[in-house]
Structures are given as C-alpha cells and as structure tokens.
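Here's start_38.csv, which has CSV, C-alpha atoms:
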```
chain,number,residue,atom,x,y,z
A,21,MET,CA,-131.4,-9.9,132.0
A,22,LYS,CA,-128.4,-8.0,133.2
A,23,LEU,CA,-125.6,-7.9,130.5
A,24,ASN,CA,-122.1,-6.7,131.0
A,25,ASP,CA,-120.4,-4.4,128.4
A,26,GLU,CA,-119.0,-7.3,126.4
A,27,GLU,CA,-122.4,-9.0,126.2
A,28,LYS,CA,-124.0,-5.7,125.2
A,29,ASP,CA,-121.5,-5.4,122.3
A,30,ILE,CA,-122.2,-9.0,121.2
A,31,LEU,CA,-125.9,-8.2,121.3
A,32,ALA,CA,-125.3,-5.1,119.2
A,33,GLY,CA,-123.6,-7.1,116.5
A,34,LYS,CA,-120.1,-5.8,117.2
A,35,ALA,CA,-118.7,-9.4,117.4
A,36,GLY,CA,-120.5,-10.5,114.2
A,37,PHE,CA,-123.9,-11.7,113.1
A,38,VAL,CA,-123.6,-15.3,114.3
A,39,PRO,CA,-122.6,-14.5,118.0
A,40,GLN,CA,-125.4,-11.9,117.9
A,41,GLN,CA,-127.9,-14.5,116.9
A,42,ALA,CA,-126.6,-16.9,119.6
A,43,LEU,CA,-126.9,-14.3,122.3
A,44,GLN,CA,-130.4,-13.4,121.3
A,45,HIS,CA,-131.3,-17.1,121.6
A,46,GLN,CA,-129.7,-17.3,125.0
A,47,ILE,CA,-131.5,-14.3,126.3
A,48,LYS,CA,-134.8,-15.8,125.3
A,49,VAL,CA,-133.9,-19.1,127.1
A,50,GLY,CA,-132.7,-17.2,130.2
A,51,GLU,CA,-135.8,-15.1,130.4
A,52,PHE,CA,-137.9,-18.2,130.2
A,53,PHE,CA,-136.1,-19.8,133.1
A,54,GLY,CA,-135.9,-16.6,135.1
A,55,ALA,CA,-132.1,-16.1,134.8
A,56,GLU,CA,-130.8,-12.8,136.1
A,57,ASP,CA,-127.6,-12.8,134.0
A,58,LEU,CA,-125.2,-14.9,132.0
A,59,VAL,CA,-122.4,-17.0,133.5
A,60,PRO,CA,-119.0,-17.5,131.6
A,61,VAL,CA,-118.5,-21.2,130.6
A,62,SER,CA,-115.3,-22.9,129.7
A,63,GLN,CA,-116.5,-25.8,127.6
A,64,ALA,CA,-119.5,-26.7,125.5
A,65,HIS,CA,-120.8,-30.1,124.3
A,66,VAL,CA,-123.3,-30.1,121.4
A,67,MET,CA,-125.9,-32.8,120.8
A,68,ALA,CA,-126.9,-32.5,117.1
A,69,ASP,CA,-127.6,-35.9,115.6
A,70,THR,CA,-129.0,-35.6,112.2
A,71,GLU,CA,-132.0,-37.9,112.9
A,72,SER,CA,-133.2,-35.1,115.3
A,73,LEU,CA,-131.9,-32.2,113.2
A,74,GLY,CA,-133.5,-33.4,109.9
A,75,GLU,CA,-133.1,-31.4,106.7
A,76,ALA,CA,-134.3,-28.1,108.3
A,77,GLY,CA,-131.8,-28.4,111.2
A,78,VAL,CA,-128.9,-29.1,108.9
A,79,ARG,CA,-129.8,-26.2,106.6
A,80,TRP,CA,-129.9,-24.0,109.7
A,81,LEU,CA,-126.4,-25.1,110.7
A,82,GLU,CA,-125.2,-24.6,107.1
A,83,GLY,CA,-126.6,-21.1,107.2
A,84,LEU,CA,-124.7,-20.2,110.3
A,85,ALA,CA,-121.5,-21.7,108.8
A,86,ALA,CA,-121.9,-19.8,105.6
A,87,THR,CA,-122.4,-16.4,107.2
A,88,ALA,CA,-119.7,-14.1,105.8
A,89,ASP,CA,-118.2,-12.5,108.9
A,90,GLY,CA,-114.8,-13.2,110.5
A,91,GLN,CA,-116.1,-13.8,114.0
A,92,ARG,CA,-118.4,-16.8,113.4
A,93,ARG,CA,-116.3,-19.5,115.0
A,94,VAL,CA,-116.8,-20.8,118.5
A,95,ARG,CA,-114.7,-19.0,121.2
A,96,ILE,CA,-114.4,-21.8,123.7
A,97,PRO,CA,-113.6,-25.5,123.3
A,98,THR,CA,-116.8,-26.9,121.8
A,99,ILE,CA,-117.1,-30.6,121.1
A,100,THR,CA,-119.8,-33.0,119.8
A,101,ASP,CA,-121.9,-35.8,121.0
A,102,PRO,CA,-122.0,-39.1,119.0
A,103,ARG,CA,-122.8,-38.8,115.4
A,104,GLY,CA,-125.5,-40.6,113.4
A,105,THR,CA,-123.2,-43.2,111.9
A,106,ASP,CA,-119.8,-44.9,111.8
A,107,PHE,CA,-119.2,-44.3,108.1
A,108,ALA,CA,-117.0,-47.4,107.9
A,109,LYS,CA,-119.8,-49.6,109.1
A,110,ALA,CA,-122.8,-47.9,107.5
A,111,ASP,CA,-123.5,-50.9,105.2
A,112,LEU,CA,-123.6,-53.2,108.2
A,113,LEU,CA,-126.3,-51.0,109.9
A,114,GLY,CA,-128.3,-50.7,106.7
A,115,GLN,CA,-128.2,-46.9,106.6
A,116,THR,CA,-129.1,-45.2,103.3
A,117,SER,CA,-127.1,-42.7,101.3
A,118,THR,CA,-129.6,-40.0,102.2
A,119,MET,CA,-128.8,-40.5,105.9
A,120,LEU,CA,-125.1,-40.4,105.3
A,121,ASP,CA,-125.2,-37.3,103.0
A,122,LEU,CA,-127.1,-35.4,105.7
A,123,GLU,CA,-124.5,-36.5,108.3
A,124,ARG,CA,-121.6,-35.3,106.0
A,125,ARG,CA,-123.3,-31.9,105.6
A,126,ALA,CA,-123.8,-31.5,109.3
A,127,ILE,CA,-120.1,-32.4,110.0
A,128,ALA,CA,-118.9,-29.9,107.4
A,129,ALA,CA,-121.0,-27.1,108.9
A,130,PHE,CA,-119.7,-27.9,112.4
A,131,VAL,CA,-116.1,-27.8,111.2
A,132,LYS,CA,-116.6,-24.4,109.6
A,133,LEU,CA,-117.9,-23.1,112.9
A,134,GLY,CA,-114.8,-24.3,114.6
A,135,VAL,CA,-116.4,-27.2,116.5
A,136,THR,CA,-114.1,-30.0,117.5
A,137,MET,CA,-115.6,-33.3,116.2
A,138,THR,CA,-115.0,-35.5,119.2
A,139,ASP,CA,-118.3,-37.6,118.6
A,140,THR,CA,-118.5,-38.9,122.1
A,141,CYS,CA,-120.8,-39.1,125.1
A,142,ILE,CA,-118.0,-40.1,127.4
A,143,ASN,CA,-115.9,-36.9,127.2
A,144,TYR,CA,-115.4,-37.1,131.0
A,145,GLN,CA,-113.6,-40.4,130.4
A,146,THR,CA,-111.7,-39.4,127.2
A,147,ILE,CA,-111.3,-35.7,126.4
A,148,GLN,CA,-111.2,-33.5,129.5
A,149,ALA,CA,-113.3,-34.0,132.6
A,150,PRO,CA,-114.6,-30.8,134.0
A,151,THR,CA,-113.5,-29.8,137.5
A,152,ARG,CA,-115.5,-28.9,140.6
A,153,ASN,CA,-117.5,-25.6,140.3
A,154,GLU,CA,-116.5,-25.3,136.6
A,155,HIS,CA,-119.4,-23.8,134.7
A,156,VAL,CA,-119.9,-25.7,131.4
A,157,ALA,CA,-122.7,-26.0,128.7
A,158,PHE,CA,-123.2,-29.7,128.1
A,159,GLY,CA,-126.0,-31.3,126.2
A,160,ASP,CA,-126.0,-35.1,126.5
A,161,THR,CA,-127.9,-36.2,129.6
A,162,GLY,CA,-125.4,-38.8,130.6
A,163,VAL,CA,-122.6,-36.3,130.2
A,164,VAL,CA,-124.4,-33.7,132.3
A,165,ILE,CA,-125.4,-35.9,135.2
A,166,TYR,CA,-121.9,-37.4,135.4
A,167,SER,CA,-120.2,-34.0,135.2
A,168,ASN,CA,-122.5,-32.4,137.8
A,169,SER,CA,-122.5,-35.3,140.2
A,170,ILE,CA,-119.1,-37.0,140.0
A,171,CYS,CA,-117.0,-34.1,138.9
A,172,GLY,CA,-118.9,-31.4,140.7
A,173,ALA,CA,-119.1,-29.2,137.6
A,174,ARG,CA,-122.2,-27.0,136.9
A,175,SER,CA,-124.4,-27.5,133.8
A,176,ASN,CA,-128.0,-27.7,132.8
A,177,PHE,CA,-129.2,-30.0,130.0
A,178,GLU,CA,-128.4,-27.7,127.0
A,179,GLY,CA,-130.4,-28.3,123.8
A,180,GLY,CA,-128.3,-28.4,120.6
A,181,PRO,CA,-128.9,-24.8,119.6
A,182,SER,CA,-128.3,-23.6,123.2
A,183,ALA,CA,-125.0,-25.6,123.5
A,184,LEU,CA,-123.8,-24.2,120.2
A,185,ALA,CA,-124.8,-20.7,121.3
A,186,ALA,CA,-122.7,-21.2,124.4
A,187,GLY,CA,-119.8,-22.2,122.3
A,188,LEU,CA,-120.2,-19.0,120.1
A,189,THR,CA,-120.6,-16.6,123.0
A,190,GLY,CA,-118.6,-18.3,125.8
A,191,ARG,CA,-121.5,-18.0,128.3
A,192,THR,CA,-124.9,-19.4,129.2
A,193,PRO,CA,-127.9,-18.2,131.2
A,194,ARG,CA,-127.3,-18.5,134.9
A,195,TYR,CA,-130.2,-20.6,136.1
A,196,GLY,CA,-130.9,-24.1,137.4
A,197,PHE,CA,-127.8,-26.2,138.2
A,198,HIS,CA,-125.5,-23.2,137.9
A,199,LEU,CA,-127.0,-21.9,141.1
A,200,PRO,CA,-125.9,-23.4,144.5
A,201,GLU,CA,-129.5,-23.5,145.9
A,202,THR,CA,-130.7,-25.7,143.0
A,203,ARG,CA,-128.0,-28.2,143.7
A,204,ARG,CA,-129.2,-29.1,147.3
A,205,ALA,CA,-130.9,-32.5,147.7
A,206,SER,CA,-134.7,-32.6,147.4
A,207,LEU,CA,-135.0,-36.4,147.9
A,208,ARG,CA,-133.2,-38.7,150.3
A,209,VAL,CA,-132.9,-42.3,149.0
A,210,ARG,CA,-131.6,-45.2,151.0
A,211,VAL,CA,-130.4,-48.3,149.2
A,212,ASP,CA,-130.0,-51.8,150.8
A,213,PHE,CA,-127.4,-53.2,148.5
A,214,THR,CA,-124.5,-52.2,146.2
A,215,PRO,CA,-124.7,-53.6,142.6
A,216,THR,CA,-121.8,-55.5,141.2
A,217,THR,CA,-122.6,-55.5,137.4
A,218,LEU,CA,-123.0,-52.6,135.0
A,219,ASN,CA,-126.6,-53.6,134.2
A,220,GLY,CA,-127.3,-53.7,138.0
A,221,TRP,CA,-125.9,-50.2,138.4
A,222,GLY,CA,-128.0,-49.0,135.5
A,223,ALA,CA,-131.1,-50.7,136.9
A,224,LEU,CA,-130.6,-49.0,140.3
A,225,GLY,CA,-130.2,-45.7,138.5
A,226,GLY,CA,-133.5,-46.4,136.7
A,227,VAL,CA,-135.3,-47.1,140.0
A,228,ILE,CA,-134.0,-43.9,141.6
A,229,GLY,CA,-134.8,-41.9,138.5
A,230,ARG,CA,-138.4,-43.1,138.6
A,231,LEU,CA,-138.6,-42.3,142.3
A,232,ALA,CA,-137.2,-38.8,141.7
A,233,GLY,CA,-139.3,-38.2,138.6
A,234,ASN,CA,-138.5,-34.8,137.3
A,235,TYR,CA,-135.6,-32.6,136.2
A,236,TRP,CA,-135.5,-30.4,139.3
A,237,SER,CA,-135.4,-33.3,141.7
A,238,VAL,CA,-131.9,-33.9,143.2
A,239,PRO,CA,-131.6,-37.2,145.1
A,240,VAL,CA,-129.0,-37.9,147.7
A,241,ILE,CA,-128.3,-41.6,148.0
A,242,GLU,CA,-127.2,-43.4,151.1
A,243,GLY,CA,-126.0,-47.0,151.5
A,244,ILE,CA,-123.6,-47.4,148.6
A,245,GLU,CA,-120.6,-49.4,149.9
A,246,GLY,CA,-117.0,-49.0,148.7
A,247,SER,CA,-115.9,-46.7,146.0
A,248,PRO,CA,-117.7,-47.2,142.7
A,249,ARG,CA,-115.6,-47.0,139.5
A,250,SER,CA,-116.2,-44.6,136.6
A,251,ASP,CA,-117.9,-47.2,134.4
A,252,GLN,CA,-120.3,-48.2,137.2
A,253,LEU,CA,-121.2,-44.5,137.9
A,254,LYS,CA,-121.5,-43.9,134.2
A,255,HIS,CA,-124.3,-46.5,133.8
A,256,PHE,CA,-125.9,-45.4,137.1
A,257,GLY,CA,-126.1,-41.8,136.1
A,258,ALA,CA,-127.1,-42.3,132.5
A,259,ALA,CA,-130.0,-44.5,133.5
A,260,MET,CA,-131.1,-42.1,136.2
A,261,ALA,CA,-131.2,-39.3,133.7
A,262,SER,CA,-133.0,-41.5,131.2
A,263,PHE,CA,-135.7,-42.8,133.5
A,264,GLY,CA,-136.2,-39.6,135.5
A,265,SER,CA,-134.7,-36.7,133.6
A,266,ILE,CA,-132.3,-36.2,136.6
A,267,ALA,CA,-129.4,-33.9,136.1
A,268,LEU,CA,-127.6,-34.2,139.4
A,269,PHE,CA,-127.4,-36.7,142.3
A,270,HIS,CA,-125.2,-36.9,145.4
A,271,LEU,CA,-123.7,-40.0,146.9
A,272,ALA,CA,-123.4,-39.4,150.7
A,273,GLY,CA,-119.7,-39.5,151.6
A,274,LEU,CA,-118.5,-40.1,148.0
A,275,THR,CA,-119.3,-37.3,145.6
A,276,PRO,CA,-117.5,-34.0,145.9
A,277,GLU,CA,-120.4,-31.9,147.2
A,278,ALA,CA,-121.6,-34.5,149.7
A,279,THR,CA,-118.7,-35.2,152.0
A,280,ARG,CA,-121.3,-35.2,154.7
A,281,LEU,CA,-125.0,-35.7,154.2
A,282,THR,CA,-125.7,-32.4,155.9
A,283,ASP,CA,-123.6,-30.7,153.2
A,284,VAL,CA,-126.4,-31.2,150.7
A,285,ALA,CA,-129.5,-32.2,152.6
A,286,ALA,CA,-131.8,-30.8,155.3
A,287,ALA,CA,-132.0,-32.9,158.5
A,288,ASP,CA,-135.7,-33.4,158.1
A,289,LEU,CA,-135.7,-34.5,154.4
A,290,PRO,CA,-137.9,-37.6,154.2
A,291,VAL,CA,-136.3,-40.9,153.3
A,292,VAL,CA,-137.5,-43.3,150.5
A,293,ARG,CA,-136.0,-46.7,149.9
A,294,ALA,CA,-134.7,-48.4,146.8
A,295,THR,CA,-134.4,-52.1,147.3
A,296,ARG,CA,-132.7,-55.1,145.6
A,297,ALA,CA,-136.3,-56.3,144.8
A,298,ASP,CA,-137.0,-53.0,143.0
A,299,VAL,CA,-133.9,-53.4,140.9
A,300,ASP,CA,-134.7,-57.1,140.2
A,301,ASN,CA,-138.2,-56.2,139.2
A,302,LEU,CA,-137.0,-53.5,136.8
A,303,GLN,CA,-134.6,-55.9,135.1
A,304,ARG,CA,-137.2,-58.7,134.9
A,305,SER,CA,-139.7,-56.2,133.2
A,306,TYR,CA,-137.2,-56.0,130.4
A,307,HIS,CA,-136.8,-59.7,129.8
A,308,THR,CA,-139.7,-60.2,127.5
A,309,ASP,CA,-138.4,-63.0,125.3
A,310,ASP,CA,-135.8,-65.8,125.1
A,311,GLN,CA,-134.9,-65.2,121.5
A,312,VAL,CA,-132.5,-62.5,120.4
A,313,ASP,CA,-132.0,-60.9,117.0
A,314,VAL,CA,-129.1,-58.6,117.9
A,315,VAL,CA,-126.9,-57.7,120.9
A,316,VAL,CA,-125.8,-54.1,121.4
A,317,PHE,CA,-123.4,-52.5,123.8
A,318,SER,CA,-124.0,-48.8,123.6
A,319,ALA,CA,-125.5,-45.8,125.4
A,320,PRO,CA,-123.1,-44.8,126.9
A,321,GLN,CA,-120.2,-45.5,124.6
A,322,LEU,CA,-117.8,-48.2,126.0
A,323,SER,CA,-114.6,-47.3,127.8
A,324,LEU,CA,-111.4,-49.1,127.1
A,325,PHE,CA,-111.9,-51.2,130.2
A,326,GLU,CA,-115.3,-52.3,129.0
A,327,LEU,CA,-113.9,-53.3,125.7
A,328,ARG,CA,-111.2,-55.2,127.4
A,329,ASP,CA,-113.8,-57.1,129.4
A,330,LEU,CA,-115.9,-57.7,126.3
A,331,ALA,CA,-112.8,-59.0,124.4
A,332,GLU,CA,-112.1,-61.6,127.1
A,333,LEU,CA,-115.7,-62.8,126.9
A,334,CYS,CA,-115.4,-63.1,123.2
A,335,ASP,CA,-112.4,-65.4,123.1
A,336,GLY,CA,-113.2,-68.8,121.7
A,337,ARG,CA,-116.8,-67.7,120.7
A,338,ARG,CA,-118.5,-67.7,117.3
A,339,PHE,CA,-121.6,-65.5,117.3
A,340,THR,CA,-124.8,-66.6,115.6
A,341,VAL,CA,-126.5,-63.2,115.8
A,342,PRO,CA,-125.0,-59.7,115.2
A,343,MET,CA,-123.2,-58.2,118.2
A,344,LEU,CA,-122.4,-54.5,118.1
A,345,ALA,CA,-120.0,-52.7,120.5
A,346,VAL,CA,-120.0,-48.9,120.2
A,347,THR,CA,-117.1,-46.8,121.5
A,348,SER,CA,-115.7,-43.3,121.0
A,349,PRO,CA,-113.1,-42.2,118.4
A,350,GLN,CA,-110.7,-41.6,121.2
A,351,VAL,CA,-111.0,-45.2,122.6
A,352,LYS,CA,-111.2,-47.1,119.3
A,353,PRO,CA,-107.5,-46.7,118.3
A,354,ASP,CA,-106.4,-47.9,121.7
A,355,ALA,CA,-108.7,-50.9,121.4
A,356,ASP,CA,-107.3,-51.6,118.0
A,357,ARG,CA,-103.7,-51.3,119.2
A,358,MET,CA,-104.3,-53.5,122.2
A,359,GLY,CA,-106.0,-56.2,120.2
A,360,TYR,CA,-109.4,-55.9,121.8
A,361,THR,CA,-111.1,-55.0,118.5
A,362,ALA,CA,-109.6,-58.0,116.7
A,363,ARG,CA,-110.7,-60.4,119.4
A,364,ILE,CA,-114.2,-59.1,119.4
A,365,GLU,CA,-114.5,-59.1,115.6
A,366,SER,CA,-112.9,-62.6,115.4
A,367,ALA,CA,-115.9,-63.9,117.2
A,368,GLY,CA,-118.2,-62.2,114.7
A,369,GLY,CA,-118.8,-59.0,116.6
A,370,SER,CA,-118.4,-55.4,115.2
A,371,VAL,CA,-116.8,-52.5,117.0
A,372,LEU,CA,-118.2,-49.2,115.9
A,373,SER,CA,-116.8,-45.8,116.6
A,374,GLY,CA,-118.2,-42.3,117.1
A,375,MET,CA,-121.9,-43.0,117.0
A,376,CYS,CA,-124.7,-44.0,119.4
A,377,PHE,CA,-127.1,-46.8,118.5
A,378,TYR,CA,-130.3,-45.0,119.4
A,379,GLN,CA,-129.2,-41.7,117.6
A,380,SER,CA,-128.4,-43.5,114.4
A,381,TYR,CA,-131.9,-44.1,112.8
A,382,ALA,CA,-132.6,-47.0,115.1
A,383,ARG,CA,-136.0,-47.6,113.7
A,384,GLU,CA,-134.8,-47.7,110.2
A,385,ILE,CA,-131.9,-50.0,111.2
A,386,SER,CA,-134.4,-52.3,112.8
A,387,GLU,CA,-136.5,-52.5,109.6
A,388,ALA,CA,-133.5,-52.9,107.3
A,389,ASN,CA,-132.1,-55.8,109.3
A,390,GLY,CA,-135.1,-57.4,110.9
A,391,TRP,CA,-133.9,-56.7,114.4
A,392,LYS,CA,-136.6,-56.5,117.0
A,393,ARG,CA,-135.5,-58.5,120.0
A,394,LEU,CA,-132.4,-56.7,121.3
A,395,ALA,CA,-130.3,-57.6,124.3
A,396,THR,CA,-128.0,-55.1,126.0
A,397,ASN,CA,-126.4,-54.4,129.4
A,398,SER,CA,-127.4,-50.7,129.2
A,399,ALA,CA,-130.5,-49.7,131.2
A,400,LYS,CA,-130.6,-46.4,129.4
A,401,LEU,CA,-130.8,-48.2,126.1
A,402,VAL,CA,-133.7,-50.5,127.0
A,403,ASN,CA,-135.6,-47.5,128.3
A,404,ILE,CA,-135.3,-45.7,125.0
A,405,LEU,CA,-135.5,-48.4,122.4
A,406,GLY,CA,-139.1,-49.5,123.1
A,407,GLY,CA,-140.1,-46.2,121.4
A,408,TYR,CA,-138.2,-47.3,118.3
A,409,GLY,CA,-140.1,-50.5,117.8
A,410,TYR,CA,-137.7,-52.9,119.6
A,411,ARG,CA,-138.4,-55.4,122.3
A,412,PRO,CA,-135.3,-54.6,124.4
A,413,MET,CA,-133.9,-56.9,127.1
A,414,LEU,CA,-131.6,-56.0,129.9
A,415,ALA,CA,-128.9,-58.5,131.1
A,416,SER,CA,-125.3,-58.7,132.2
A,417,MET,CA,-122.5,-58.4,129.7
A,418,GLU,CA,-121.8,-62.1,130.1
A,419,SER,CA,-125.4,-63.1,129.4
A,420,CYS,CA,-125.5,-60.8,126.4
A,421,VAL,CA,-122.4,-62.4,125.0
A,422,ASP,CA,-123.9,-65.9,125.6
A,423,ALA,CA,-127.0,-64.7,123.7
A,424,ALA,CA,-124.9,-63.5,120.8
A,425,SER,CA,-123.5,-67.1,120.6
A,426,SER,CA,-126.7,-69.1,121.1
A,427,GLY,CA,-129.4,-66.6,119.9
A,428,ARG,CA,-131.1,-67.1,123.2
A,429,LEU,CA,-131.1,-65.0,126.4
A,430,ALA,CA,-131.1,-67.1,129.5
A,431,ARG,CA,-133.5,-66.1,132.3
A,432,THR,CA,-131.9,-65.2,135.6
```
Would you mind writing the file out in structure tokens?
Amino acid sequence: MKLNDEEKDILAGKAGFVPQQALQHQIKVGEFFGAEDLVPVSQAHVMADTESLGEAGVRWLEGLAATADGQRRVRIPTITDPRGTDFAKADLLGQTSTMLDLERRAIAAFVKLGVTMTDTCINYQTIQAPTRNEHVAFGDTGVVIYSNSICGARSNFEGGPSALAAGLTGRTPRYGFHLPETRRASLRVRVDFTPTTLNGWGALGGVIGRLAGNYWSVPVIEGIEGSPRSDQLKHFGAAMASFGSIALFHLAGLTPEATRLTDVAAADLPVVRATRADVDNLQRSYHTDDQVDVVVFSAPQLSLFELRDLAELCDGRRFTVPMLAVTSPQVKPDADRMGYTARIESAGGSVLSGMCFYQSYAREISEANGWKRLATNSAKLVNILGGYGYRPMLASMESCVDAASSGRLART
C-alpha cells in the first residue's frame, strides 16, 4: 500500500506504540481487500459490545489503554455503538455481576483512549449526521447503510478493531464503498407499494436484502412514493443490512446520489420486483404464536418521535407482560423531560437507555426471565433473535402494545 510521509512516521512508531499497532492492523486489512492507499476519515463509530469482546477482547482494550505513551488517544471524534446494559435496569434484565463488571472495564478502557461514550446506533439522528462524500469509519450495520444511502457518506462495515484503529490514526483503507465505482447500482428493484408502518418498512427492507443477498450488491429501488421520514428509512435500511448484509442502497429520485436513475444505474440493468405479497409473506413467517412473553422495541434504538408515538399508545393501559423500549442516551433525557418515559412506565413498560437488546446477552436474559415468545416491530430484531433461542414475532407498534396488555398477539 502507498503511504504518505505522515503514515510512514506512524508506522515507524514516531506517533507512539498504539497508533503504530493500529496502522499495522489497517495495512493488513487494506492488503486483504486490495486497497491502494489510505483515505482520511473525519469520524469513527466503534462496535464493541462485551458479549462479543469477551474477557480476551476487554483485556486487549485495557492493554491498549494502559500503554505508557503520550499519543495513545484517538485523533478524530470516535464514538460508541450501544453498550451491553443499562446499568439502572440491569436487575430487570437479569444480568449478572460478571456481565456488568466486564462492561465497566470496557467503558473505562475506551475512556482512557479518548473515545466518546455515546452508546448509540442512531448517531445520524442524535449526534452528527455525516455529509455527502464525507469519508467515515462506522461499524454498526444500520449506521453504515443509513449514512451511505441517506446521507451520501462513504463507509464500509468496520469491525470493532478496525473502527478503533481509524479513530487512532485518522484514516482507513481506501476500498469498497469509499470508491465511486463500488457505489453504482448492481441490482434494480421495483416495488409496487409504499409501506405505512415501521414494521412494513422493515419487512420491505428484509425482502430487498434477501433479493440482493451479499455485501457488494447495491440495489437501486424504484416505486417508493412520497418522501419517507427518517424513522421509516432507519427501519428499512437496518433490515436490509440484517437480511442481506447490504451497506448501500439508492432510492431513485430521493437519495442524494440517485437524483436520476441513470446517475447510479446502467440502462440495461435487469429489473426484479418486490411486491406487497412478498412483504406480507415475510411478516407472516414471523408470526409463529399467539402468546407473548415480552414485547421489545429496539434495534435500532427509538427516536424521540417513536417514543412519543409509543407513549400515546400506552395511555390508559396496564401491561400484563414486560414491555421494553430502548433508546439512546441522547434521546432519553428529552423523553423524560417531555413526559414520554413516565407515560410508558405508568403502563408497566420500561424505557432503557444506551443499550441494544440483542447485544446485551439476549440468550441469558431469555433464560433468566423465561422469555421465549417475543413481539417487536423491528424486522432487524426478529431476523437476529431466532439465533438466541427466541421465537420472535413481527407486528406493528399498535399490535405490540396490545399484546403487552393482553399477552396475546392478534393475527393480521
């Protein structure tokens, strides 16, 4: 790989041991993907939940943080994905002291490295959305697909060590979605309807993700009417990334790189169709039971507007099964101030902050609480939780709130 003079100095250890280690890692990644050089990045977003890190990963973080040189801290704004718990609600979840101690150690190491503990997967709604053509190093798949597609920024899916390395060096290997040619559409999808619910948007994203099928596929989608809102696109992209590993999509006439279809797609690109029937079939495939043990709104974290809508649905209710609503540490204080949290919790729900349900020892939570049949309006969440021993069910926010009250999920 071609290195400039500053990068050569970092590789030689002139900026300190930790940046040197980070750049060595990035060179290996870049060589694997055929990158010719490195590209400067302005932001990094690190996925490093302790369930994935484990004891060995946390020790590695602590080792970096403990290295005795004065240049070990990140050099660009570097933020974090959701953590493995909301410490204030850990008893509710049934998390053990071992889990919580590992989480505290990871947080302490990140802080020593200069990482900003934002604990969010909706930084594009809460912290600072990237701008068009801004090169970034983001980790969370929902963050990457939204930032690439809706904002027009440029990022690959960065693994935890790679995103942290980008924070420490201020650059990342120039391959994949940092390159203009990789961002052109490889699949043309025509839809025959525009969803109206968040679960519907997620299910459509899941259908398109399955059609596209791999990380390097870039769908351009025609037929969406109107101007979808941020929360709708959030669920759409998160599900597409979850079901198909997709990192970028274009909406013809809507997203910044696809003002015209010809901006991103060749004229002879074959067309595939995603129909209302496909979406309905996906949703029905995740309605496996009428009984519900727990209702979860998570993945992605809820925006302030989603919490507002949820609070309105909770008024006058009394839940018979647990209902968890997960949001970011940036949104939670506003939800508290505006009374949304109190209204949700008056019905028997719980508003959790700074975590993500499936990154918080979901299997152990299931075993500790006897939760198997889980209802949610997140297509991304149902796609993931089957692997954790749940029987997840996808429904609208309204139907999920009804289920929290009655313990039963009505069939639609």
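Taking CA of Ser366 in chain A and CA of Glu332 in chain A as endpoints, the distance between them is 11.8 Å.
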Counting only C-alpha atoms, which residues of range 136-203 of chain A fall within 8 Å of range 313-328 of chain A, and what is the closest atom pair for each with its distance in Å at one decimal, ordered by chain and rising number, as a Markdown table?
```
| residue | atom | partner | partner_atom | distance |
| --- | --- | --- | --- | --- |
| A:Thr140 | CA | A:Gln321 | CA | 7.3 |
| A:Cys141 | CA | A:Pro320 | CA | 6.4 |
| A:Ile142 | CA | A:Gln321 | CA | 6.5 |
| A:Gln145 | CA | A:Ser323 | CA | 7.4 |
| A:Gly162 | CA | A:Pro320 | CA | 7.4 |
```
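For the pair CA of Phe213 in chain A and CA of Arg296 in chain A, the separation is 6.3 Å.
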Discussion item. At a cut-off of 12 Å, using all atoms listed in the file, what residues contact range 29-39 of chain A? Leave out same-chain residues fewer than 3 positions from it and give the result as a ChimeraX atom specification.
Written reply: /A:23-26,42-47,80-95,133,182,184-191
Practice prompt. Kindly indicate which residue among A:Asp329, A:Glu154, A:Glu242, A:Glu123 lies nearest to Ala272 in chain A, using all atoms listed in the file for the distances.
Written response: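 Ranked by minimum distance to Ala272 in chain A, first place goes to A:Glu242.
Our summary of the geometry notes that CA of Pro215 in chain A is positioned 8.7 Å from CA of Ile244 in chain A.
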Fill in: 12 Å contact set for Gly427 in chain A, all atoms listed in the file, chain neighbours under 3 positions out, as a list in words
Asp309, Asp310, Gln311, Val312, Asp313, Val314, Val315, Arg338, Phe339, Thr340, Val341, Pro342, Met343, Arg393, Leu394, Ala395, Ser419, Cys420, Val421, Asp422, Ala423, Ala424 and Ala430 of chain A
Item to complete: May I have the residues at most 9 Å from (-128.4, -37.5, 118.3) in the file's coordinates, counting only C-alpha atoms, as a count of residues only?
Response: 17
Worksheet entry | Near-Ala183 in chain A list (9 Å; only C-alpha atoms; drop same-chain fewer than 2 positions) as a list in words |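 In the requested form, the answer reads Ala64, His65, Val66, Met67, Thr98, Ala157, Phe158, Gly159, Phe177, Glu178, Gly179, Gly180, Pro181, Ala185, Ala186, Gly187, Leu188 and Thr192 of chain A.
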Item to complete: Just the residues within 8 Å of Cys334 in chain A, please, counting all atoms listed in the file, with nothing from its chain fewer than 2 positions along; format it as a count of residues only.
Response: 9
Practice prompt. Have a look at A:Gly54, A:Gly369, A:Gly374, A:Pro97 and name the one nearest to Leu112 in chain A; count all atoms listed in the file.
Written response: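 Of A:Gly54, A:Gly369, A:Gly374, A:Pro97, the one nearest Leu112 in chain A, counting all atoms listed in the file, is A:Gly369.
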Worksheet entry | Nearest residue to Pro239 in chain A from the set A:Gly264, A:Leu218, A:Ser386, A:Ala205 (distances using only C-alpha atoms) | A:Ala205
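Considering only C-alpha atoms, the residue among A:Thr216, A:Ser262, A:Thr275, A:Thr161 positioned nearest to Ile241 in chain A is A:Thr275.
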Worksheet entry | Nearest to Thr295 in chain A by atom-to-atom distance, counting only C-alpha atoms, from A:His270, A:Arg210, A:Lys22, A:Lys109 |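 With only C-alpha atoms as the atom set, the closest residue is A:Arg210.
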Worksheet item: Any idea what's packed within 12 Å of Arg383 in chain A, counting all atoms listed in the file, ignoring anything in its chain fewer than 4 positions away? Could you give it as a list in words?
Response: Glu71, Leu113, Gly114, Gln115, Phe377, Tyr378, Gln379, Glu387, Ala388, Asn389, Gly390, Trp391, Lys392, Ile404, Leu405, Gly406, Gly407, Tyr408, Gly409, Tyr410 and Arg411 of chain A
Worksheet entry | Which of A:Gly359, A:Tyr144, A:Lys132, A:Arg293 sits closest to Ala232 in chain A [using all atoms listed in the file] |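 Result for the nearest residue to Ala232 in chain A: A:Arg293.
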